[in-house]
>>> print(open('my_file.pdb').read())   # PDB, C-alpha atoms
ATOM      1  CA  MET A   1      19.705 -28.490  20.965  1.00  0.00           C
ATOM      2  CA  LYS A   2      17.588 -25.398  21.513  1.00  0.00           C
ATOM      3  CA  LYS A   3      13.966 -25.142  20.383  1.00  0.00           C
ATOM      4  CA  ASN A   4      14.643 -22.231  18.033  1.00  0.00           C
ATOM      5  CA  THR A   5      17.464 -24.128  16.307  1.00  0.00           C
ATOM      6  CA  PHE A   6      15.049 -26.993  15.750  1.00  0.00           C
ATOM      7  CA  TYR A   7      12.448 -24.663  14.172  1.00  0.00           C
ATOM      8  CA  LEU A   8      15.186 -23.200  11.966  1.00  0.00           C
ATOM      9  CA  ILE A   9      16.185 -26.673  10.762  1.00  0.00           C
ATOM     10  CA  VAL A  10      12.532 -27.559  10.101  1.00  0.00           C
ATOM     11  CA  GLY A  11      12.213 -24.372   8.021  1.00  0.00           C
ATOM     12  CA  CYS A  12      15.314 -25.299   6.000  1.00  0.00           C
ATOM     13  CA  ILE A  13      13.951 -28.814   5.429  1.00  0.00           C
ATOM     14  CA  ALA A  14      10.623 -27.361   4.279  1.00  0.00           C
ATOM     15  CA  ILE A  15      12.343 -25.017   1.806  1.00  0.00           C
ATOM     16  CA  THR A  16      14.450 -27.920   0.513  1.00  0.00           C
ATOM     17  CA  LEU A  17      11.275 -29.968   0.047  1.00  0.00           C
ATOM     18  CA  VAL A  18       9.660 -27.176  -1.966  1.00  0.00           C
ATOM     19  CA  GLY A  19      12.772 -27.057  -4.155  1.00  0.00           C
ATOM     20  CA  LEU A  20      12.756 -30.814  -4.611  1.00  0.00           C
ATOM     21  CA  PHE A  21       9.049 -30.722  -5.438  1.00  0.00           C
ATOM     22  CA  TRP A  22       9.763 -28.214  -8.194  1.00  0.00           C
ATOM     23  CA  TYR A  23      12.776 -30.197  -9.429  1.00  0.00           C
ATOM     24  CA  SER A  24      10.932 -33.527  -9.467  1.00  0.00           C
ATOM     25  CA  ASP A  25       8.217 -31.830 -11.534  1.00  0.00           C
ATOM     26  CA  VAL A  26      10.850 -30.527 -13.967  1.00  0.00           C
ATOM     27  CA  ILE A  27      12.422 -33.953 -14.446  1.00  0.00           C
ATOM     28  CA  ARG A  28       8.986 -35.655 -14.302  1.00  0.00           C
ATOM     29  CA  GLN A  29      10.090 -37.965 -11.507  1.00  0.00           C
ATOM     30  CA  PRO A  30       7.492 -37.986  -8.707  1.00  0.00           C
ATOM     31  CA  LEU A  31       9.377 -40.710  -6.856  1.00  0.00           C
ATOM     32  CA  LEU A  32      12.042 -38.152  -5.931  1.00  0.00           C
ATOM     33  CA  ILE A  33       9.713 -35.938  -3.896  1.00  0.00           C
ATOM     34  CA  GLU A  34       7.911 -38.946  -2.438  1.00  0.00           C
ATOM     35  CA  ILE A  35      11.140 -40.402  -1.051  1.00  0.00           C
ATOM     36  CA  ALA A  36      12.382 -36.950  -0.029  1.00  0.00           C
ATOM     37  CA  PHE A  37       9.167 -36.343   1.946  1.00  0.00           C
ATOM     38  CA  ILE A  38       9.515 -39.614   3.874  1.00  0.00           C
ATOM     39  CA  VAL A  39      13.193 -38.912   4.578  1.00  0.00           C
ATOM     40  CA  ALA A  40      12.379 -35.348   5.681  1.00  0.00           C
ATOM     41  CA  VAL A  41       9.675 -36.466   8.132  1.00  0.00           C
ATOM     42  CA  ALA A  42      11.985 -39.151   9.561  1.00  0.00           C
ATOM     43  CA  ALA A  43      14.775 -36.567   9.894  1.00  0.00           C
ATOM     44  CA  ILE A  44      12.471 -34.125  11.700  1.00  0.00           C
ATOM     45  CA  TYR A  45      11.444 -36.845  14.161  1.00  0.00           C
ATOM     46  CA  LEU A  46      15.074 -37.749  14.822  1.00  0.00           C
ATOM     47  CA  ILE A  47      16.170 -34.126  15.245  1.00  0.00           C
ATOM     48  CA  ARG A  48      13.200 -33.424  17.516  1.00  0.00           C
ATOM     49  CA  ARG A  49      14.501 -35.998  19.971  1.00  0.00           C
ATOM     50  CA  GLN A  50      17.660 -33.930  20.393  1.00  0.00           C
ATOM     51  CA  VAL A  51      15.744 -30.830  21.491  1.00  0.00           C
ATOM     52  CA  THR A  52      16.199 -30.205  25.198  1.00  0.00           C
ATOM     53  CA  ASP A  53      13.816 -27.317  25.894  1.00  0.00           C
ATOM     54  CA  LEU A  54      10.753 -28.558  24.012  1.00  0.00           C
ATOM     55  CA  LYS A  55       8.562 -29.962  26.741  1.00  0.00           C
ATOM     56  CA  GLU A  56       5.499 -31.975  25.826  1.00  0.00           C
ATOM     57  CA  ASP A  57       3.414 -33.057  28.781  1.00  0.00           C
ATOM     58  CA  GLU A  58       0.323 -35.241  29.085  1.00  0.00           C
ATOM     59  CA  ARG A  59      -2.063 -32.385  28.298  1.00  0.00           C
ATOM     60  CA  ASP A  60      -0.279 -31.685  24.996  1.00  0.00           C
ATOM     61  CA  VAL A  61      -0.378 -35.386  24.180  1.00  0.00           C
ATOM     62  CA  LYS A  62      -4.116 -35.502  24.928  1.00  0.00           C
ATOM     63  CA  ILE A  63      -4.791 -32.471  22.717  1.00  0.00           C
ATOM     64  CA  THR A  64      -2.815 -34.074  19.875  1.00  0.00           C
ATOM     65  CA  GLU A  65      -4.567 -37.431  20.354  1.00  0.00           C
ATOM     66  CA  GLN A  66      -8.033 -35.897  20.305  1.00  0.00           C
ATOM     67  CA  ALA A  67      -7.240 -33.754  17.268  1.00  0.00           C
ATOM     68  CA  VAL A  68      -5.825 -36.728  15.347  1.00  0.00           C
ATOM     69  CA  LEU A  69      -8.776 -38.939  16.306  1.00  0.00           C
ATOM     70  CA  ARG A  70     -11.414 -36.427  15.181  1.00  0.00           C
ATOM     71  CA  THR A  71      -9.482 -35.609  12.016  1.00  0.00           C
ATOM     72  CA  MET A  72      -9.345 -39.282  11.085  1.00  0.00           C
ATOM     73  CA  GLN A  73     -13.035 -39.753  11.903  1.00  0.00           C
ATOM     74  CA  VAL A  74     -14.062 -37.010   9.484  1.00  0.00           C
ATOM     75  CA  PHE A  75     -11.375 -37.773   6.943  1.00  0.00           C
ATOM     76  CA  TRP A  76     -12.168 -41.468   6.495  1.00  0.00           C
ATOM     77  CA  VAL A  77     -15.795 -40.669   5.691  1.00  0.00           C
ATOM     78  CA  VAL A  78     -14.786 -38.166   2.974  1.00  0.00           C
ATOM     79  CA  PHE A  79     -12.068 -40.486   1.704  1.00  0.00           C
ATOM     80  CA  CYS A  80     -14.433 -43.479   1.559  1.00  0.00           C
ATOM     81  CA  ALA A  81     -17.066 -41.411  -0.252  1.00  0.00           C
ATOM     82  CA  PHE A  82     -14.491 -40.483  -2.881  1.00  0.00           C
ATOM     83  CA  SER A  83     -13.198 -44.052  -3.057  1.00  0.00           C
ATOM     84  CA  ILE A  84     -16.704 -45.459  -3.595  1.00  0.00           C
ATOM     85  CA  GLY A  85     -17.112 -43.074  -6.518  1.00  0.00           C
ATOM     86  CA  ALA A  86     -13.782 -44.216  -7.921  1.00  0.00           C
ATOM     87  CA  VAL A  87     -14.710 -47.899  -7.531  1.00  0.00           C
ATOM     88  CA  MET A  88     -18.016 -47.230  -9.295  1.00  0.00           C
ATOM     89  CA  GLN A  89     -16.096 -45.834 -12.228  1.00  0.00           C
ATOM     90  CA  LEU A  90     -13.870 -48.897 -12.169  1.00  0.00           C
ATOM     91  CA  LEU A  91     -16.891 -51.179 -12.367  1.00  0.00           C
ATOM     92  CA  ARG A  92     -18.629 -48.939 -14.896  1.00  0.00           C
ATOM     93  CA  ALA A  93     -21.895 -49.512 -13.071  1.00  0.00           C
ATOM     94  CA  PRO A  94     -24.978 -49.497 -15.298  1.00  0.00           C
ATOM     95  CA  SER A  95     -27.920 -47.223 -14.616  1.00  0.00           C
ATOM     96  CA  PHE A  96     -31.077 -48.851 -13.280  1.00  0.00           C
ATOM     97  CA  PRO A  97     -33.621 -50.083 -14.281  1.00  0.00           C
ATOM     98  CA  ARG A  98     -32.033 -51.758 -17.257  1.00  0.00           C
ATOM     99  CA  GLY A  99     -35.267 -53.361 -18.449  1.00  0.00           C
ATOM    100  CA  PHE A 100     -35.369 -56.578 -20.393  1.00  0.00           C
ATOM    101  CA  HIS A 101     -33.062 -55.447 -23.129  1.00  0.00           C
ATOM    102  CA  MET A 102     -29.562 -56.606 -22.368  1.00  0.00           C
ATOM    103  CA  GLU A 103     -27.912 -53.544 -23.706  1.00  0.00           C
ATOM    104  CA  PRO A 104     -24.295 -52.985 -22.889  1.00  0.00           C
ATOM    105  CA  PRO A 105     -23.942 -50.663 -19.908  1.00  0.00           C
ATOM    106  CA  PRO A 106     -23.374 -47.087 -20.851  1.00  0.00           C
ATOM    107  CA  ILE A 107     -19.803 -45.914 -20.592  1.00  0.00           C
ATOM    108  CA  LEU A 108     -19.474 -43.229 -17.977  1.00  0.00           C
ATOM    109  CA  PRO A 109     -17.553 -40.142 -18.867  1.00  0.00           C
ATOM    110  CA  GLU A 110     -13.977 -40.157 -17.656  1.00  0.00           C
ATOM    111  CA  LEU A 111     -14.446 -38.169 -14.494  1.00  0.00           C
ATOM    112  CA  LEU A 112     -11.445 -39.524 -12.690  1.00  0.00           C
ATOM    113  CA  SER A 113      -8.553 -39.054 -15.011  1.00  0.00           C
ATOM    114  CA  PRO A 114      -5.112 -39.224 -13.371  1.00  0.00           C
ATOM    115  CA  ARG A 115      -5.026 -35.412 -13.446  1.00  0.00           C
ATOM    116  CA  MET A 116      -8.434 -35.233 -11.771  1.00  0.00           C
ATOM    117  CA  ILE A 117      -7.330 -37.728  -9.116  1.00  0.00           C
ATOM    118  CA  GLY A 118      -4.367 -35.448  -8.432  1.00  0.00           C
ATOM    119  CA  PHE A 119      -6.722 -32.517  -7.816  1.00  0.00           C
ATOM    120  CA  VAL A 120      -8.916 -34.606  -5.553  1.00  0.00           C
ATOM    121  CA  GLN A 121      -5.858 -35.803  -3.618  1.00  0.00           C
ATOM    122  CA  LEU A 122      -4.773 -32.191  -3.244  1.00  0.00           C
ATOM    123  CA  GLY A 123      -8.223 -31.323  -1.920  1.00  0.00           C
ATOM    124  CA  LEU A 124      -8.125 -34.241   0.530  1.00  0.00           C
ATOM    125  CA  LEU A 125      -4.655 -33.247   1.696  1.00  0.00           C
ATOM    126  CA  CYS A 126      -5.765 -29.659   2.307  1.00  0.00           C
ATOM    127  CA  LEU A 127      -8.904 -30.919   4.050  1.00  0.00           C
ATOM    128  CA  MET A 128      -6.830 -33.092   6.360  1.00  0.00           C
ATOM    129  CA  ILE A 129      -4.506 -30.214   7.257  1.00  0.00           C
ATOM    130  CA  PHE A 130      -7.385 -27.788   7.883  1.00  0.00           C
ATOM    131  CA  LEU A 131      -9.298 -30.368   9.922  1.00  0.00           C
ATOM    132  CA  TYR A 132      -6.261 -31.141  12.065  1.00  0.00           C
ATOM    133  CA  VAL A 133      -5.413 -27.498  12.701  1.00  0.00           C
ATOM    134  CA  GLY A 134      -9.068 -26.692  13.423  1.00  0.00           C
ATOM    135  CA  PHE A 135      -9.498 -29.574  15.854  1.00  0.00           C
ATOM    136  CA  ARG A 136      -6.183 -28.791  17.511  1.00  0.00           C
ATOM    137  CA  ILE A 137      -7.257 -25.192  18.123  1.00  0.00           C
ATOM    138  CA  TYR A 138     -10.630 -26.415  19.418  1.00  0.00           C
ATOM    139  CA  TYR A 139      -9.171 -28.957  21.864  1.00  0.00           C
ATOM    140  CA  ALA A 140      -6.400 -26.607  22.987  1.00  0.00           C
ATOM    141  CA  GLY A 141      -9.151 -24.139  23.892  1.00  0.00           C
ATOM    142  CA  LYS A 142     -11.262 -26.832  25.538  1.00  0.00           C
ATOM    143  CA  TYR A 143      -8.405 -27.935  27.786  1.00  0.00           C
ATOM    144  CA  GLY A 144      -7.535 -24.399  28.818  1.00  0.00           C
ATOM    145  CA  GLY A 145      -5.316 -23.385  25.952  1.00  0.00           C
ATOM    146  CA  TRP A 146      -4.708 -19.667  25.954  1.00  0.00           C
ATOM    147  CA  GLU A 147      -6.100 -18.527  29.232  1.00  0.00           C
ATOM    148  CA  THR A 148      -4.052 -16.280  31.428  1.00  0.00           C
ATOM    149  CA  ASP A 149      -3.990 -16.372  35.162  1.00  0.00           C
ATOM    150  CA  GLU A 150      -4.402 -13.623  37.663  1.00  0.00           C
ATOM    151  CA  GLU A 151      -1.310 -14.590  39.694  1.00  0.00           C
TER     152      GLU A 151
ATOM    153  CA  MET B   1     -13.299 -32.777  39.725  1.00  0.00           C
ATOM    154  CA  ARG B   2     -12.400 -29.881  41.996  1.00  0.00           C
ATOM    155  CA  ASN B   3      -8.932 -29.258  43.298  1.00  0.00           C
ATOM    156  CA  LYS B   4      -7.089 -27.126  45.811  1.00  0.00           C
ATOM    157  CA  ILE B   5      -3.844 -26.682  43.927  1.00  0.00           C
ATOM    158  CA  LYS B   6      -4.127 -22.922  44.125  1.00  0.00           C
ATOM    159  CA  VAL B   7      -4.482 -23.088  47.908  1.00  0.00           C
ATOM    160  CA  PHE B   8      -1.502 -25.416  48.292  1.00  0.00           C
ATOM    161  CA  ARG B   9       0.511 -23.256  45.933  1.00  0.00           C
ATOM    162  CA  ALA B  10      -0.209 -20.259  48.119  1.00  0.00           C
ATOM    163  CA  ILE B  11       0.785 -22.188  51.251  1.00  0.00           C
ATOM    164  CA  HIS B  12       4.076 -23.242  49.648  1.00  0.00           C
ATOM    165  CA  ASP B  13       4.554 -19.816  48.055  1.00  0.00           C
ATOM    166  CA  LEU B  14       4.843 -21.217  44.557  1.00  0.00           C
ATOM    167  CA  THR B  15       3.935 -19.697  41.229  1.00  0.00           C
ATOM    168  CA  GLN B  16       2.336 -21.812  38.522  1.00  0.00           C
ATOM    169  CA  GLU B  17       5.604 -21.675  36.610  1.00  0.00           C
ATOM    170  CA  ASN B  18       7.596 -22.940  39.608  1.00  0.00           C
ATOM    171  CA  LEU B  19       5.193 -25.761  40.350  1.00  0.00           C
ATOM    172  CA  ALA B  20       5.127 -26.751  36.687  1.00  0.00           C
ATOM    173  CA  LEU B  21       8.922 -26.927  36.625  1.00  0.00           C
ATOM    174  CA  LEU B  22       9.027 -28.993  39.805  1.00  0.00           C
ATOM    175  CA  ILE B  23       6.361 -31.426  38.614  1.00  0.00           C
ATOM    176  CA  GLY B  24       7.696 -31.600  35.062  1.00  0.00           C
ATOM    177  CA  VAL B  25       4.800 -30.160  33.069  1.00  0.00           C
ATOM    178  CA  ASN B  26       4.013 -26.902  31.274  1.00  0.00           C
ATOM    179  CA  ARG B  27       2.635 -23.886  33.104  1.00  0.00           C
ATOM    180  CA  GLN B  28      -0.476 -24.041  30.933  1.00  0.00           C
ATOM    181  CA  THR B  29      -1.197 -27.512  32.276  1.00  0.00           C
ATOM    182  CA  ILE B  30      -1.146 -26.318  35.891  1.00  0.00           C
ATOM    183  CA  LEU B  31      -3.385 -23.407  34.904  1.00  0.00           C
ATOM    184  CA  ALA B  32      -5.816 -25.706  33.079  1.00  0.00           C
ATOM    185  CA  ILE B  33      -5.993 -28.083  36.068  1.00  0.00           C
ATOM    186  CA  GLU B  34      -6.592 -25.231  38.510  1.00  0.00           C
ATOM    187  CA  LYS B  35      -9.400 -23.868  36.362  1.00  0.00           C
ATOM    188  CA  GLY B  36     -10.960 -27.310  36.070  1.00  0.00           C
ATOM    189  CA  LYS B  37     -10.537 -27.393  32.304  1.00  0.00           C
ATOM    190  CA  TYR B  38      -8.267 -30.400  32.363  1.00  0.00           C
ATOM    191  CA  VAL B  39      -8.447 -33.461  34.599  1.00  0.00           C
ATOM    192  CA  PRO B  40      -4.924 -34.769  35.221  1.00  0.00           C
ATOM    193  CA  SER B  41      -3.945 -38.407  34.967  1.00  0.00           C
ATOM    194  CA  LEU B  42      -3.588 -40.411  38.177  1.00  0.00           C
ATOM    195  CA  ASP B  43       0.166 -40.281  37.753  1.00  0.00           C
ATOM    196  CA  LEU B  44       0.259 -36.489  37.585  1.00  0.00           C
ATOM    197  CA  ALA B  45      -2.310 -36.128  40.383  1.00  0.00           C
ATOM    198  CA  PHE B  46      -0.152 -38.296  42.665  1.00  0.00           C
ATOM    199  CA  ARG B  47       2.951 -36.340  41.719  1.00  0.00           C
ATOM    200  CA  ILE B  48       1.264 -33.065  42.651  1.00  0.00           C
ATOM    201  CA  ALA B  49      -0.088 -34.452  45.940  1.00  0.00           C
ATOM    202  CA  ARG B  50       3.267 -35.987  46.850  1.00  0.00           C
ATOM    203  CA  TYR B  51       5.030 -32.734  46.154  1.00  0.00           C
ATOM    204  CA  PHE B  52       2.749 -30.960  48.632  1.00  0.00           C
ATOM    205  CA  GLY B  53       3.174 -33.862  51.061  1.00  0.00           C
ATOM    206  CA  VAL B  54      -0.536 -34.569  51.447  1.00  0.00           C
ATOM    207  CA  PRO B  55      -2.857 -37.437  50.435  1.00  0.00           C
ATOM    208  CA  ILE B  56      -4.289 -37.127  46.929  1.00  0.00           C
ATOM    209  CA  GLU B  57      -7.844 -36.691  48.218  1.00  0.00           C
ATOM    210  CA  GLU B  58      -6.819 -33.518  50.007  1.00  0.00           C
ATOM    211  CA  VAL B  59      -5.790 -31.901  46.742  1.00  0.00           C
ATOM    212  CA  PHE B  60      -8.356 -33.412  44.392  1.00  0.00           C
ATOM    213  CA  ILE B  61     -12.006 -33.715  45.302  1.00  0.00           C
ATOM    214  CA  TYR B  62     -14.108 -35.978  43.167  1.00  0.00           C
ATOM    215  CA  GLU B  63     -17.626 -34.742  42.574  1.00  0.00           C
ATOM    216  CA  ASP B  64     -20.240 -36.874  40.901  1.00  0.00           C
ATOM    217  CA  GLU B  65     -21.732 -34.953  37.981  1.00  0.00           C
ATOM    218  CA  GLU B  66     -25.197 -36.306  38.794  1.00  0.00           C
ATOM    219  CA  GLN B  67     -24.829 -35.007  42.331  1.00  0.00           C
ATOM    220  CA  ASN B  68     -23.894 -31.594  41.025  1.00  0.00           C
ATOM    221  CA  LYS B  69     -26.975 -31.433  38.809  1.00  0.00           C
ATOM    222  CA  SER B  70     -29.387 -32.236  41.690  1.00  0.00           C
TER     223      SER B  70
END
>>> encode(input="my_file.pdb", output="structure tokens")
Amino acid sequence: MKKNTFYLIVGCIAITLVGLFWYSDVIRQPLLIEIAFIVAVAAIYLIRRQVTDLKEDERDVKITEQAVLRTMQVFWVVFCAFSIGAVMQLLRAPSFPRGFHMEPPPILPELLSPRMIGFVQLGLLCLMIFLYVGFRIYYAGKYGGWETDEE
Amino acid sequence: MRNKIKVFRAIHDLTQENLALLIGVNRQTILAIEKGKYVPSLDLAFRIARYFGVPIEEVFIYEDEEQNKS
């Protein structure tokens, strides 16, 4: 299979996913898009193996590895920070000092409603994509990405 | 790490594209190695040296960074 055919198929899969995302929202069935996403990624990996003119050498692998590593390093810190906040809400942690009066701990306002969690997840997803693309551009440049030769 | 790939390419009358095809990597990788931006793996270094029919140390010259600073 040619490289361009592969990109065309990936584009079609992406458009299908957007359609399924819309449809699963209409029928209020998030499981549909979740399963579709996993199937789509698996399909892309399988189709990619059939491509004959898409060469990935050790330098490409190194760039990808470095970008993934740095993305995860930044991402886990942000994700943990958010998770700690969510756990705090779960525990309904009291404010200190509480003094000698054993008053019931104040109830925190509902900051993390399911809708709010959705927005935060969206933010984290975007952050991950931007971080990965940014690091990939950085490491591609570092390992001689877009230089031209005088030959 | 310095290297003489460009010199050996000239001797064998090879372009970066040709060498990349023969070694099985992308042209950008050969370019990055020549410019010293990317240090190849031992496997790739041996493949390049073997293609030119010379020992690896003739193509790649290891330079201690501390030595370079002094």
>>> resolve_selection(input="my_file.pdb", expression="the PyMOL selection byres ((chain B) within 7 of (chain A))", output="VMD selection string")
chain B and resid 25 to 26 28 to 29 32 37 to 38
>>> closest_residue(input="my_file.pdb", among="B:Gly36, B:Gly53, B:Ser41, B:Phe46", to="Asn3 (chain B)", atoms="only C-alpha atoms")
B:Gly36
>>> resolve_selection(input="my_file.pdb", expression="the PyMOL selection byres ((chain B and resi 23) around 12)", output="list in words")
Asp57 and Glu58 of chain A; Leu14, Gln16, Glu17, Asn18, Leu19, Ala20, Leu21, Leu22, Gly24, Val25, Asn26, Arg27, Thr29, Ile30, Asp43, Leu44, Ala45, Phe46, Arg47, Ile48, Ala49, Arg50, Tyr51 and Phe52 of chain B
>>> closest_residue(input="my_file.pdb", among="A:Ala86, A:Val74, A:Leu91, A:Met116", to="Ile129 (chain A)", atoms="all atoms listed in the file")
A:Val74
>>> residues_around(input="my_file.pdb", residues="region 33-46 of chain A", least_positions_apart="6", cutoff="12 Å", atoms="only C-alpha atoms", output="PyMOL selection string")
chain A and resi 6-27
>>> atom_distance(input="my_file.pdb", atom1="CA of Tyr138 (chain A)", atom2="CA of Asp53 (chain A)")
25.3 Å
>>> decode(input="my_file.pdb", residues="region 42-68 of chain B", atoms="N, CA and C atoms", output="short mmCIF file (atom, residue, chain, number, x, y, z; two decimals), in the first residue's frame")
data_model
loop_
_atom_site.label_atom_id
_atom_site.label_comp_id
_atom_site.auth_asym_id
_atom_site.auth_seq_id
_atom_site.Cartn_x
_atom_site.Cartn_y
_atom_site.Cartn_z
N LEU B 42 25.16 1.84 17.38
CA LEU B 42 26.31 1.02 16.96
C LEU B 42 25.97 0.23 15.70
N ASP B 43 24.74 -0.27 15.68
CA ASP B 43 24.29 -1.07 14.54
C ASP B 43 24.39 -0.27 13.24
N LEU B 44 23.86 0.94 13.26
CA LEU B 44 23.87 1.78 12.06
C LEU B 44 25.30 2.20 11.71
N ALA B 45 26.09 2.52 12.74
CA ALA B 45 27.48 2.93 12.50
C ALA B 45 28.25 1.81 11.82
N PHE B 46 28.05 0.57 12.29
CA PHE B 46 28.72 -0.58 11.66
C PHE B 46 28.25 -0.78 10.23
N ARG B 47 26.94 -0.58 10.02
CA ARG B 47 26.41 -0.76 8.67
C ARG B 47 27.04 0.23 7.70
N ILE B 48 27.18 1.47 8.17
CA ILE B 48 27.78 2.51 7.31
C ILE B 48 29.24 2.17 7.01
N ALA B 49 29.98 1.81 8.08
CA ALA B 49 31.41 1.49 7.91
C ALA B 49 31.58 0.28 6.99
N ARG B 50 30.76 -0.73 7.18
CA ARG B 50 30.86 -1.94 6.36
C ARG B 50 30.55 -1.64 4.90
N TYR B 51 29.60 -0.73 4.70
CA TYR B 51 29.27 -0.39 3.31
C TYR B 51 30.48 0.24 2.63
N PHE B 52 31.19 1.09 3.35
CA PHE B 52 32.38 1.73 2.76
C PHE B 52 33.60 0.81 2.78
N GLY B 53 33.46 -0.32 3.46
CA GLY B 53 34.55 -1.31 3.49
C GLY B 53 35.73 -0.88 4.33
N VAL B 54 35.47 -0.14 5.39
CA VAL B 54 36.56 0.33 6.27
C VAL B 54 36.17 0.04 7.73
N PRO B 55 37.17 0.01 8.63
CA PRO B 55 36.83 -0.17 10.06
C PRO B 55 36.01 1.02 10.57
N ILE B 56 35.20 0.76 11.56
CA ILE B 56 34.28 1.79 12.08
C ILE B 56 35.03 3.05 12.56
N GLU B 57 36.22 2.82 13.14
CA GLU B 57 36.96 3.97 13.68
C GLU B 57 37.51 4.89 12.60
N GLU B 58 37.48 4.42 11.37
CA GLU B 58 37.93 5.30 10.28
C GLU B 58 36.81 6.27 9.86
N VAL B 59 35.60 5.84 10.09
CA VAL B 59 34.45 6.69 9.73
C VAL B 59 34.02 7.56 10.91
N PHE B 60 33.99 6.96 12.07
CA PHE B 60 33.54 7.69 13.28
C PHE B 60 34.71 7.90 14.23
N ILE B 61 34.87 9.12 14.65
CA ILE B 61 35.97 9.47 15.56
C ILE B 61 35.37 9.95 16.87
N TYR B 62 35.65 9.18 17.91
CA TYR B 62 35.10 9.56 19.21
C TYR B 62 35.96 10.64 19.85
N GLU B 63 35.30 11.70 20.28
CA GLU B 63 36.02 12.78 20.95
C GLU B 63 35.40 13.00 22.31
N ASP B 64 36.26 12.95 23.33
CA ASP B 64 35.78 13.18 24.69
C ASP B 64 35.36 14.64 24.82
N GLU B 65 34.17 14.86 25.36
CA GLU B 65 33.69 16.25 25.49
C GLU B 65 34.57 17.07 26.40
N GLU B 66 35.11 16.43 27.43
CA GLU B 66 36.01 17.14 28.37
C GLU B 66 37.27 17.60 27.65
N GLN B 67 37.75 16.71 26.76
CA GLN B 67 38.94 17.03 25.99
C GLN B 67 38.68 18.24 25.10
N ASN B 68 37.52 18.26 24.52
CA ASN B 68 37.16 19.36 23.61
C ASN B 68 37.11 20.69 24.33
#
